[in-house]
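Text of query32.txt (compact mmCIF, C-alpha atoms) as supplied:
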```
# COMPACT_ATOMS: atom_id res chain seq x y z
CA MET A 15 -34.05 219.21 -59.48
CA LYS A 16 -30.64 218.93 -57.82
CA VAL A 17 -29.13 219.91 -54.49
CA LYS A 18 -25.77 221.58 -55.01
CA LYS A 19 -24.84 222.32 -51.41
CA ILE A 20 -26.28 222.55 -47.92
CA CYS A 21 -24.77 224.50 -45.03
CA ALA A 22 -25.82 223.90 -41.44
CA GLU A 23 -24.84 225.68 -38.24
CA ASP A 24 -25.77 224.50 -34.73
CA PHE A 25 -28.47 222.28 -36.25
CA ARG A 26 -28.99 219.26 -33.96
CA ASN A 27 -25.53 217.65 -33.59
CA ILE A 28 -24.10 219.56 -36.57
CA GLU A 29 -21.94 222.38 -35.21
CA ARG A 30 -20.89 223.64 -38.63
CA ALA A 31 -20.97 221.83 -41.96
CA GLU A 32 -20.87 222.57 -45.67
CA VAL A 33 -21.73 219.53 -47.80
CA SER A 34 -21.72 219.41 -51.60
CA PHE A 35 -23.51 216.76 -53.66
CA SER A 36 -23.05 215.21 -57.09
CA ASP A 37 -25.80 214.87 -59.69
CA GLY A 38 -26.31 211.12 -59.25
CA ILE A 39 -26.22 208.97 -56.12
CA ASN A 40 -24.85 210.43 -52.89
CA LEU A 41 -24.31 208.06 -49.98
CA LEU A 42 -24.07 209.37 -46.41
CA PHE A 43 -22.17 206.55 -44.74
CA GLY A 44 -21.42 206.06 -41.04
CA ALA A 45 -22.44 204.54 -37.74
CA ASN A 46 -25.77 205.27 -36.05
CA ALA A 47 -26.36 208.62 -34.28
CA GLN A 48 -23.58 210.42 -36.18
CA GLY A 49 -25.73 212.89 -38.12
CA LYS A 50 -26.79 211.14 -41.34
CA THR A 51 -30.53 211.49 -40.81
CA ASN A 52 -30.07 214.99 -39.38
CA LEU A 53 -28.67 216.14 -42.72
CA LEU A 54 -31.54 214.52 -44.63
CA GLU A 55 -33.94 216.25 -42.25
CA ALA A 56 -32.26 219.58 -42.95
CA ILE A 57 -32.57 219.12 -46.72
CA CYS A 58 -36.14 217.87 -46.53
CA TYR A 59 -37.20 220.83 -44.38
CA PHE A 60 -36.89 223.11 -47.42
CA SER A 61 -39.34 220.87 -49.26
CA LEU A 62 -41.94 220.21 -46.54
CA GLY A 63 -41.62 223.34 -44.43
CA LYS A 64 -41.44 221.08 -41.39
CA SER A 65 -39.53 218.09 -40.05
CA PHE A 66 -40.41 214.74 -41.59
CA ARG A 67 -39.69 213.30 -38.13
CA GLY A 68 -42.36 215.46 -36.51
CA ALA A 69 -39.90 217.62 -34.55
CA LYS A 70 -40.64 221.21 -33.59
CA ASP A 71 -38.39 224.00 -34.84
CA ALA A 72 -36.95 224.62 -31.37
CA GLU A 73 -35.69 221.03 -31.27
CA PHE A 74 -33.37 221.72 -34.21
CA ILE A 75 -31.22 224.11 -32.20
CA ALA A 76 -28.16 222.58 -30.53
CA PHE A 77 -28.53 222.09 -26.78
CA ASP A 78 -26.30 224.95 -25.63
CA LYS A 79 -27.15 227.38 -28.45
CA LYS A 80 -29.91 229.94 -29.00
CA THR A 81 -30.00 229.88 -32.80
CA ALA A 82 -29.46 227.57 -35.75
CA LYS A 83 -29.16 228.17 -39.48
CA LEU A 84 -29.69 226.23 -42.69
CA SER A 85 -28.81 227.29 -46.22
CA LEU A 86 -29.63 225.28 -49.35
CA ASP A 87 -28.22 225.85 -52.82
CA PHE A 88 -30.17 223.97 -55.50
CA GLU A 89 -31.03 224.19 -59.15
CA ASP A 90 -34.12 223.42 -61.18
CA LYS A 91 -34.58 223.43 -64.94
CA VAL A 92 -34.72 227.24 -64.95
CA ARG A 93 -32.01 228.54 -62.64
CA GLU A 94 -30.02 228.17 -59.44
CA ARG A 95 -31.59 229.29 -56.17
CA ASN A 96 -30.70 229.72 -52.52
CA LEU A 97 -33.02 229.29 -49.56
CA THR A 98 -31.95 230.21 -46.03
CA ILE A 99 -33.74 229.63 -42.74
CA ASP A 100 -32.72 231.00 -39.34
CA PHE A 101 -34.16 229.32 -36.25
CA SER A 102 -34.28 230.98 -32.83
CA LYS A 103 -35.48 229.87 -29.40
CA ASP A 104 -36.82 233.39 -28.78
CA GLN A 105 -38.18 234.48 -32.17
CA ALA A 106 -40.05 233.14 -35.17
CA ARG A 107 -37.99 231.57 -37.92
CA LYS A 108 -36.66 233.88 -40.64
CA ILE A 109 -36.76 232.81 -44.28
CA GLU A 110 -34.93 234.21 -47.30
CA GLN A 111 -34.95 233.32 -50.99
CA ASN A 112 -31.89 234.59 -52.87
CA GLY A 113 -31.32 237.12 -50.09
CA MET A 114 -34.91 238.43 -50.11
CA LYS A 115 -37.02 238.03 -46.97
CA ILE A 116 -40.05 235.72 -47.16
CA SER A 117 -42.87 236.26 -44.70
CA ARG A 118 -44.30 232.73 -44.66
CA MET A 119 -42.91 229.27 -45.31
CA SER A 120 -45.92 228.43 -47.47
CA GLU A 121 -44.61 230.94 -50.05
CA ILE A 122 -41.61 228.75 -50.88
CA ILE A 123 -43.30 225.32 -50.74
CA GLY A 124 -42.95 223.80 -54.19
CA LEU A 125 -39.77 225.67 -55.15
CA PHE A 126 -37.54 222.84 -53.96
CA ARG A 127 -39.14 219.44 -54.48
CA ALA A 128 -37.92 216.34 -52.71
CA VAL A 129 -39.46 212.99 -51.84
CA ILE A 130 -38.36 211.40 -48.58
CA PHE A 131 -38.67 207.70 -47.73
CA CYS A 132 -37.70 206.30 -44.35
CA PRO A 133 -38.66 203.18 -42.34
CA GLU A 134 -41.28 205.22 -40.43
CA HIS A 135 -43.27 205.63 -43.65
CA LEU A 136 -44.49 202.10 -43.08
CA ASN A 137 -47.03 203.87 -40.85
CA ILE A 138 -48.77 205.18 -43.98
CA ILE A 139 -50.05 201.63 -44.38
CA LYS A 140 -50.18 200.46 -40.76
CA GLU A 141 -51.54 203.41 -38.81
CA GLY A 142 -54.77 205.41 -38.86
CA PRO A 143 -56.28 207.76 -41.47
CA SER A 144 -54.32 210.83 -40.34
CA MET A 145 -51.07 209.33 -41.68
CA ARG A 146 -52.58 208.73 -45.10
CA ARG A 147 -54.17 212.19 -45.23
CA PHE A 148 -50.78 213.68 -44.35
CA TYR A 149 -49.15 211.69 -47.15
CA LEU A 150 -51.69 213.06 -49.65
CA ASP A 151 -51.47 216.63 -48.41
CA VAL A 152 -47.66 216.75 -48.55
CA ALA A 153 -47.50 215.23 -52.03
CA ILE A 154 -50.16 217.51 -53.51
CA SER A 155 -48.90 220.67 -51.79
CA GLN A 156 -45.49 220.39 -53.45
CA LEU A 157 -47.15 220.25 -56.87
CA ARG A 158 -49.91 222.78 -56.24
CA PRO A 159 -49.13 225.52 -53.69
CA LEU A 160 -52.74 226.74 -53.94
CA TYR A 161 -53.80 223.40 -52.48
CA LEU A 162 -51.77 224.13 -49.36
CA ARG A 163 -53.42 227.51 -48.96
CA SER A 164 -56.85 225.95 -49.39
CA LEU A 165 -55.93 223.37 -46.76
CA GLN A 166 -54.80 226.12 -44.38
CA ARG A 167 -58.06 227.99 -44.91
CA TYR A 168 -60.04 224.82 -44.32
CA ASN A 169 -58.26 224.16 -41.02
CA HIS A 170 -58.85 227.75 -39.87
CA ILE A 171 -62.56 227.56 -40.72
CA LEU A 172 -62.80 224.17 -39.03
CA GLN A 173 -61.32 225.61 -35.83
CA GLN A 174 -63.86 228.43 -35.84
CA ARG A 175 -66.75 226.08 -36.51
CA ASN A 176 -65.63 223.70 -33.76
CA LYS A 177 -65.45 226.59 -31.28
CA LEU A 178 -68.99 227.52 -32.24
CA ILE A 179 -70.18 223.95 -31.72
CA LYS A 180 -68.49 223.64 -28.31
CA ASN A 181 -70.15 226.85 -27.11
CA ALA A 182 -73.55 226.02 -28.60
CA GLU A 183 -75.17 224.90 -25.35
CA LYS A 184 -74.08 228.12 -23.61
CA ASP A 185 -74.81 230.44 -26.52
CA ARG A 186 -77.36 228.88 -28.87
CA LYS A 187 -78.24 232.26 -30.34
CA SER A 188 -74.75 232.81 -31.75
CA PHE A 189 -74.69 229.23 -33.01
CA ASP A 190 -77.95 229.59 -34.91
CA ALA A 191 -76.88 232.96 -36.32
CA THR A 192 -73.50 231.89 -37.74
CA ILE A 193 -73.43 228.10 -38.24
CA GLU A 194 -74.69 228.43 -41.82
CA PHE A 195 -71.89 230.87 -42.69
CA TRP A 196 -69.12 228.64 -41.31
CA SER A 197 -70.65 225.52 -42.86
CA ALA A 198 -70.80 227.14 -46.29
CA GLN A 199 -67.17 228.27 -46.02
CA LEU A 200 -66.06 224.81 -44.91
CA ALA A 201 -67.99 223.10 -47.71
CA ALA A 202 -66.42 225.34 -50.37
CA GLU A 203 -62.85 224.57 -49.31
CA ALA A 204 -63.65 220.87 -48.81
CA ALA A 205 -64.99 220.55 -52.36
CA ASN A 206 -61.80 222.01 -53.85
CA ILE A 207 -59.52 219.87 -51.68
CA THR A 208 -61.51 216.72 -52.47
CA LYS A 209 -61.21 217.32 -56.22
CA GLN A 210 -57.43 217.64 -55.93
CA ARG A 211 -57.13 214.55 -53.75
CA LEU A 212 -59.21 212.44 -56.14
CA ARG A 213 -57.13 213.59 -59.10
CA TYR A 214 -53.91 212.78 -57.29
CA ILE A 215 -55.11 209.34 -56.14
CA GLU A 216 -56.01 208.44 -59.72
CA ALA A 217 -52.48 209.25 -60.84
CA ALA A 218 -50.92 207.58 -57.78
CA GLU A 219 -52.81 204.34 -58.37
CA ARG A 220 -51.65 204.25 -61.98
CA GLU A 221 -48.00 204.79 -60.98
CA LEU A 222 -48.25 202.36 -58.06
CA LYS A 223 -49.47 199.58 -60.32
CA ILE A 224 -46.58 200.19 -62.70
CA CYS A 225 -44.18 200.19 -59.76
CA PHE A 226 -45.52 196.91 -58.36
CA ASP A 227 -45.56 195.26 -61.75
CA GLU A 228 -41.85 195.99 -62.07
CA MET A 229 -41.03 195.30 -58.42
CA THR A 230 -42.86 191.97 -58.07
CA GLY A 231 -43.00 190.76 -61.65
CA GLY A 232 -46.77 191.23 -61.72
CA ARG A 233 -47.41 188.86 -58.82
CA GLU A 234 -49.25 191.47 -56.74
CA THR A 235 -51.72 194.19 -57.70
CA PRO A 236 -52.30 197.28 -55.52
CA SER A 237 -55.26 199.65 -55.68
CA LEU A 238 -56.28 202.93 -54.03
CA GLU A 239 -59.72 204.20 -53.04
CA TYR A 240 -60.76 207.45 -51.38
CA ASP A 241 -63.00 206.83 -48.38
CA PHE A 242 -65.37 209.70 -47.61
CA SER A 243 -66.56 210.50 -44.10
CA PHE A 244 -70.10 211.08 -45.40
CA LYS A 245 -72.21 209.55 -48.17
CA ILE A 246 -71.26 210.82 -51.62
CA ASN A 247 -70.51 209.00 -54.85
CA GLY A 248 -67.36 209.46 -56.86
CA GLU A 249 -69.03 211.32 -59.74
CA ASP A 250 -70.54 213.94 -57.43
CA ALA A 251 -67.30 214.24 -55.44
CA ALA A 252 -65.37 215.05 -58.62
CA ASP A 253 -67.74 217.96 -59.36
CA PRO A 254 -66.82 220.79 -56.93
CA LYS A 255 -70.23 222.49 -57.14
CA ARG A 256 -72.14 219.29 -56.52
CA ALA A 257 -69.72 218.16 -53.79
CA GLN A 258 -70.00 221.54 -52.06
CA GLU A 259 -73.80 221.30 -52.07
CA ILE A 260 -73.87 217.75 -50.68
CA PHE A 261 -71.32 218.50 -47.98
CA PHE A 262 -73.10 221.70 -46.95
CA ASN A 263 -76.40 219.84 -46.62
CA GLN A 264 -74.68 217.19 -44.49
CA LEU A 265 -73.25 219.83 -42.17
CA MET A 266 -76.59 221.62 -41.83
CA SER A 267 -78.63 218.50 -41.12
CA SER A 268 -76.73 217.10 -38.12
CA HIS A 269 -76.37 219.93 -35.62
CA ASP A 270 -77.58 217.92 -32.63
CA ARG A 271 -75.07 215.13 -33.23
CA GLU A 272 -72.21 217.58 -33.64
CA ILE A 273 -73.16 219.55 -30.53
CA TYR A 274 -73.28 216.30 -28.58
CA ALA A 275 -69.85 215.31 -29.93
CA GLY A 276 -68.44 218.82 -29.52
CA ALA A 277 -66.83 218.86 -32.98
CA THR A 278 -67.40 218.76 -36.74
CA LEU A 279 -68.01 215.11 -37.59
CA TRP A 280 -67.68 215.17 -41.38
CA GLY A 281 -65.21 216.58 -43.83
CA ILE A 282 -61.82 216.13 -45.46
CA HIS A 283 -60.23 216.04 -41.98
CA LYS A 284 -62.08 212.75 -41.40
CA ASP A 285 -61.61 211.10 -44.81
CA ASP A 286 -59.26 208.19 -45.46
CA LEU A 287 -57.30 206.54 -48.25
CA ILE A 288 -57.95 202.81 -48.52
CA ILE A 289 -54.86 200.96 -49.78
CA ARG A 290 -55.52 197.44 -51.05
CA LEU A 291 -53.29 194.65 -52.24
CA ASP A 292 -54.95 192.00 -54.40
CA GLY A 293 -58.32 193.35 -53.31
CA LYS A 294 -57.69 193.17 -49.55
CA ASN A 295 -57.14 196.07 -47.17
CA ALA A 296 -53.36 196.23 -46.78
CA ARG A 297 -53.60 197.67 -43.28
CA ASN A 298 -55.26 194.49 -42.01
CA PHE A 299 -54.19 191.71 -44.35
CA ALA A 300 -50.80 192.53 -45.94
CA SER A 301 -47.62 191.11 -44.47
CA GLN A 302 -44.92 193.36 -43.02
CA GLY A 303 -42.88 192.96 -46.19
CA GLN A 304 -45.86 193.75 -48.41
CA GLN A 305 -46.71 196.82 -46.34
CA ARG A 306 -43.13 198.04 -46.64
CA SER A 307 -43.24 197.54 -50.42
CA LEU A 308 -46.51 199.46 -50.63
CA ALA A 309 -45.08 202.37 -48.63
CA LEU A 310 -42.01 202.45 -50.86
CA GLY A 311 -44.21 202.20 -53.95
CA LEU A 312 -46.33 205.15 -52.82
CA LYS A 313 -43.26 207.34 -52.34
CA LEU A 314 -41.74 206.31 -55.68
CA SER A 315 -45.12 207.04 -57.28
CA GLU A 316 -45.02 210.45 -55.63
CA ALA A 317 -41.65 211.08 -57.29
CA ALA A 318 -42.94 209.89 -60.67
CA ILE A 319 -46.02 212.14 -60.49
CA SER A 320 -43.85 215.10 -59.52
CA ALA A 321 -41.58 214.45 -62.51
CA SER A 322 -44.55 214.10 -64.86
CA ASN A 323 -46.17 217.34 -63.66
CA THR A 324 -43.07 219.52 -63.51
CA GLY A 325 -40.85 218.08 -66.22
CA GLU A 326 -38.01 217.22 -63.82
CA SER A 327 -37.40 214.57 -61.18
CA PRO A 328 -37.50 215.62 -57.53
CA VAL A 329 -34.55 214.85 -55.28
CA LEU A 330 -35.01 211.40 -53.77
CA LEU A 331 -34.06 211.19 -50.08
CA LEU A 332 -33.69 207.65 -48.70
CA ASP A 333 -33.06 207.08 -45.01
CA ASP A 334 -31.64 203.64 -44.17
CA VAL A 335 -33.89 201.97 -46.73
CA PHE A 336 -31.72 199.13 -48.00
CA SER A 337 -31.55 197.38 -44.64
CA GLU A 338 -35.32 196.84 -44.84
CA LEU A 339 -35.50 195.41 -48.38
CA ASP A 340 -34.91 191.96 -49.82
CA ALA A 341 -32.59 191.40 -52.79
CA GLU A 342 -35.33 191.69 -55.43
CA ARG A 343 -36.60 195.01 -54.12
CA ARG A 344 -33.06 196.34 -53.63
CA SER A 345 -32.34 195.61 -57.28
CA TYR A 346 -35.53 197.37 -58.36
CA LEU A 347 -34.78 200.44 -56.22
CA CYS A 348 -31.24 200.65 -57.61
CA GLU A 349 -32.70 200.80 -61.10
CA ARG A 350 -35.18 203.52 -60.11
CA MET A 351 -32.40 205.60 -58.54
CA LYS A 352 -30.87 206.17 -61.97
CA ARG A 353 -33.66 208.61 -62.86
CA GLY A 354 -32.43 211.60 -60.85
CA GLN A 355 -30.42 212.80 -57.90
CA VAL A 356 -30.47 210.57 -54.81
CA ILE A 357 -29.20 211.37 -51.31
CA MET A 358 -29.33 208.32 -49.08
CA THR A 359 -28.00 207.03 -45.76
CA ALA A 360 -26.54 203.69 -44.71
CA CYS A 361 -24.56 202.41 -41.74
CA SER A 362 -23.27 199.25 -43.44
CA ASP A 363 -21.95 198.34 -46.88
CA VAL A 364 -24.61 198.39 -49.60
CA ASP A 365 -24.30 197.23 -53.19
CA LEU A 366 -25.81 200.06 -55.21
CA GLN A 367 -25.01 198.40 -58.54
CA ASN A 368 -23.49 201.69 -59.64
CA GLU A 369 -19.81 202.58 -59.73
CA HIS A 370 -20.49 206.33 -59.76
CA VAL A 371 -21.45 206.98 -56.15
CA ASN A 372 -20.40 210.03 -54.16
CA VAL A 373 -19.63 208.57 -50.72
CA ILE A 374 -19.71 211.03 -47.83
CA GLU A 375 -18.43 209.74 -44.53
CA VAL A 376 -20.36 210.96 -41.51
CA LYS A 377 -18.84 211.06 -38.04
CA ASN A 378 -20.09 213.06 -35.06
CA GLY A 379 -21.76 215.74 -37.15
CA THR A 380 -18.92 216.16 -39.64
CA TYR A 381 -19.00 215.21 -43.34
CA SER A 382 -16.07 214.30 -45.56
CA SER A 383 -15.93 212.94 -49.12
```

structure tokens encoding of this file:
Amino acid sequence: MKVKKICAEDFRNIERAEVSFSDGINLLFGANAQGKTNLLEAICYFSLGKSFRGAKDAEFIAFDKKTAKLSLDFEDKVRERNLTIDFSKDQARKIEQNGMKISRMSEIIGLFRAVIFCPEHLNIIKEGPSMRRFYLDVAISQLRPLYLRSLQRYNHILQQRNKLIKNAEKDRKSFDATIEFWSAQLAAEAANITKQRLRYIEAAERELKICFDEMTGGRETPSLEYDFSFKINGEDAADPKRAQEIFFNQLMSSHDREIYAGATLWGIHKDDLIIRLDGKNARNFASQGQQRSLALGLKLSEAAISASNTGESPVLLLDDVFSELDAERRSYLCERMKRGQVIMTACSDVDLQNEHVNVIEVKNGTYSS
């Protein structure tokens, strides 16, 4: 997977730009607040279907403009493709693939695969379960578009079930008449999502251990464990039919508690990923440096799993990563960057241990090689 070119118009501080990339390492170099991360965000949007910084679409549009546009030319092992997105303050975004209109962003998720790592990804380790669920959902969705659709269905059903629960005291008749239907629908989607998450975590743990063995010389050993929001063992969870049955029974046996809470209390929206280092929960016991290494390891594992499943490496996007790493981890990352295309940012000199680097100077939203 390789980015050939990206064009941006009135996107954040980029008035108009056309930037081409080489097959290996591409370095966006310049002072802070010049547009380096904005360009990474633009590229990554085609992979995630949203901003990795959590921004809304309207925030992409330059302050005094009403529209913005992005166009990405990339190639995979089959052919070259073009994806175009038009943003508007007054209308929904418009998406095209090779000039053909696409109705929903979910239809192109997985076509362009990229893995982004930035300092904020430390929150995968440090923050609450929602960050780790988001990490899993993004990684799996790029590999399996059907997973994303199942996740969207789950969230829709969850919204309907929560509305029913909130109105239960006012309209108990409707609650009693339909709660079984919504619970069954939710359990079916949850079972499928859980199976995919467990499969991915197994692969991620394997890759993460390899990564840490190379990164630390075997001094530290990471591990991953899926933490369910209700009681179920791993064998049952891996069997969709059995998992669906157990989850449905859980949902149907706790109506009073859920009505009191005003929401669905169990499900994949409440689950967590426990990340351990040498047997201890990394969120509570790992040092800042260890947490950063774990976050980096998870993203590099994501790239390795993507390559293994698709037969080609995803584009690796690195935002100001080298300033946060010690010499040993810098050296390891440099070696890993030889496996595919890399687009990275830096505001100071970095030794990439590679003489073939395409340096792109960034200044006030303009890009020059």

- Find, counting all atoms listed in the file, the residue in A:Pro159, A:Pro236, A:Gly354, A:Gly231 that gets nearest to Gly311 of chain A. A:Pro236

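Ranking A:Ala202, A:Leu331, A:Met266, A:Leu157 by their shortest atom-to-atom distance to Ala56 of chain A, with all atoms listed in the file included, puts A:Leu331 first.
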
- Quick one: of A:Phe25, A:Tyr381, A:Phe60, A:Tyr161, who's nearest to Phe101 of chain A, counting only C-alpha atoms?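 Selected residue with least distance to Phe101 of chain A: A:Phe25.
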
- In Å to one decimal, how far is atom CA of Ser307 of chain A from atom CA of Leu162 of chain A? 27.9 Å

Report as CSV: every residue of segment 213-322 of chain A with an atom at most 12 Å from segment 150-154 of chain A, its closest pair of atoms, and their distance in Å to one decimal, counting only C-alpha atoms, with rows sorted by chain and ascending residue number.
```
residue,atom,partner,partner_atom,distance
A:Arg213,CA,A:Ile154,CA,9.8
A:Tyr214,CA,A:Ile154,CA,7.1
A:Ile215,CA,A:Leu150,CA,8.2
A:Glu216,CA,A:Leu150,CA,11.9
A:Ala217,CA,A:Ile154,CA,11.3
A:Ala218,CA,A:Leu150,CA,9.8
A:Leu238,CA,A:Leu150,CA,12.0
A:Tyr240,CA,A:Leu150,CA,10.8
A:Ile282,CA,A:Asp151,CA,10.8
A:His283,CA,A:Asp151,CA,10.9
A:Asp285,CA,A:Leu150,CA,11.2
A:Asp286,CA,A:Leu150,CA,9.9
A:Leu287,CA,A:Leu150,CA,8.7
A:Leu312,CA,A:Leu150,CA,10.1
A:Lys313,CA,A:Ala153,CA,9.0
A:Leu314,CA,A:Ala153,CA,11.2
A:Ser315,CA,A:Ala153,CA,10.0
A:Glu316,CA,A:Ala153,CA,6.5
A:Ala317,CA,A:Ala153,CA,8.9
A:Ala318,CA,A:Ala153,CA,11.1
A:Ile319,CA,A:Ala153,CA,9.1
A:Ser320,CA,A:Ala153,CA,8.3
```

Taking only C-alpha atoms into account, produce a table as a Markdown table in which each residue of segment 29-98 of chain A with an atom at most 12 Å from an atom of segment 115-138 of chain A appears once, together with its shortest atom pair and the distance in Å to one decimal, ordered by chain and rising number.
```
| residue | atom | partner | partner_atom | distance |
| --- | --- | --- | --- | --- |
| A:Thr51 | CA | A:Cys132 | CA | 9.5 |
| A:Leu54 | CA | A:Ile130 | CA | 8.5 |
| A:Glu55 | CA | A:Ile130 | CA | 9.1 |
| A:Ala56 | CA | A:Ile130 | CA | 11.7 |
| A:Ile57 | CA | A:Ala128 | CA | 8.5 |
| A:Cys58 | CA | A:Ala128 | CA | 6.6 |
| A:Tyr59 | CA | A:Ala128 | CA | 9.5 |
| A:Phe60 | CA | A:Phe126 | CA | 6.6 |
| A:Ser61 | CA | A:Phe126 | CA | 5.4 |
| A:Leu62 | CA | A:Ile123 | CA | 6.8 |
| A:Gly63 | CA | A:Met119 | CA | 6.1 |
| A:Lys64 | CA | A:Met119 | CA | 9.2 |
| A:Ser65 | CA | A:Ile130 | CA | 10.9 |
| A:Phe66 | CA | A:Ile130 | CA | 8.0 |
| A:Arg67 | CA | A:Glu134 | CA | 8.6 |
| A:Gly68 | CA | A:Glu134 | CA | 11.0 |
| A:Leu86 | CA | A:Phe126 | CA | 9.5 |
| A:Asp87 | CA | A:Phe126 | CA | 9.9 |
| A:Phe88 | CA | A:Phe126 | CA | 7.6 |
| A:Glu89 | CA | A:Phe126 | CA | 8.4 |
| A:Asp90 | CA | A:Phe126 | CA | 8.0 |
| A:Lys91 | CA | A:Leu125 | CA | 11.3 |
| A:Val92 | CA | A:Leu125 | CA | 11.1 |
| A:Arg93 | CA | A:Leu125 | CA | 11.2 |
| A:Glu94 | CA | A:Phe126 | CA | 10.7 |
| A:Arg95 | CA | A:Leu125 | CA | 9.0 |
| A:Asn96 | CA | A:Phe126 | CA | 9.8 |
| A:Leu97 | CA | A:Ile122 | CA | 8.7 |
| A:Thr98 | CA | A:Lys115 | CA | 9.4 |
```

- Task: Counting only C-alpha atoms, figure out which residue out of A:Ile171, A:Ala182, A:Ile109, A:Leu366 gets nearest to Leu200 of chain A.
- Result: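 Under the stated criterion, the closest residue is A:Ile171.
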
- Dump as a ChimeraX atom specification all residues having an atom at most 9 Å from (-71.1, 211.1, -48.0), computed in the file's coordinates with only C-alpha atoms. /A:242-247,251,260-261,264,280

- Rounded to one decimal place, report the atom CA of Thr235 of chain A-atom CA of Gly248 of chain A distance in Å.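 So the two atoms, atom CA of Thr235 of chain A and atom CA of Gly248 of chain A, lie 21.9 Å apart.
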
- How far is it from atom CA of Phe262 of chain A to atom CA of Ser144 of chain A, in Å with one decimal?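 So the two atoms, atom CA of Phe262 of chain A and atom CA of Ser144 of chain A, lie 22.7 Å apart.
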
- Out of A:Ala309, A:Lys223, A:Val356, A:Ser301, which residue has the shortest atom-to-atom distance to Ser327 of chain A when counting all atoms listed in the file?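 Looking at the shortest contact to Ser327 of chain A, the residue is A:Val356.
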
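In this comparison, which uses only C-alpha atoms, the residue of A:Leu332, A:Val17, A:Ala277, A:Leu310 approaching Gln173 of chain A most closely is A:Ala277.
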
- Using all atoms listed in the file, collect all residues at a distance of at most 9 Å from (-29.4, 227.2, -33.3) as written in the file, then present them as a list in words.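 Protein and nucleic acid residues near the point are Glu23, Asp24, Phe25, Arg26, Ala72, Phe74, Ile75, Ala76, Phe77, Asp78, Lys79, Lys80, Thr81, Ala82, Lys83, Asp100, Phe101, Ser102 and Lys103 of chain A.
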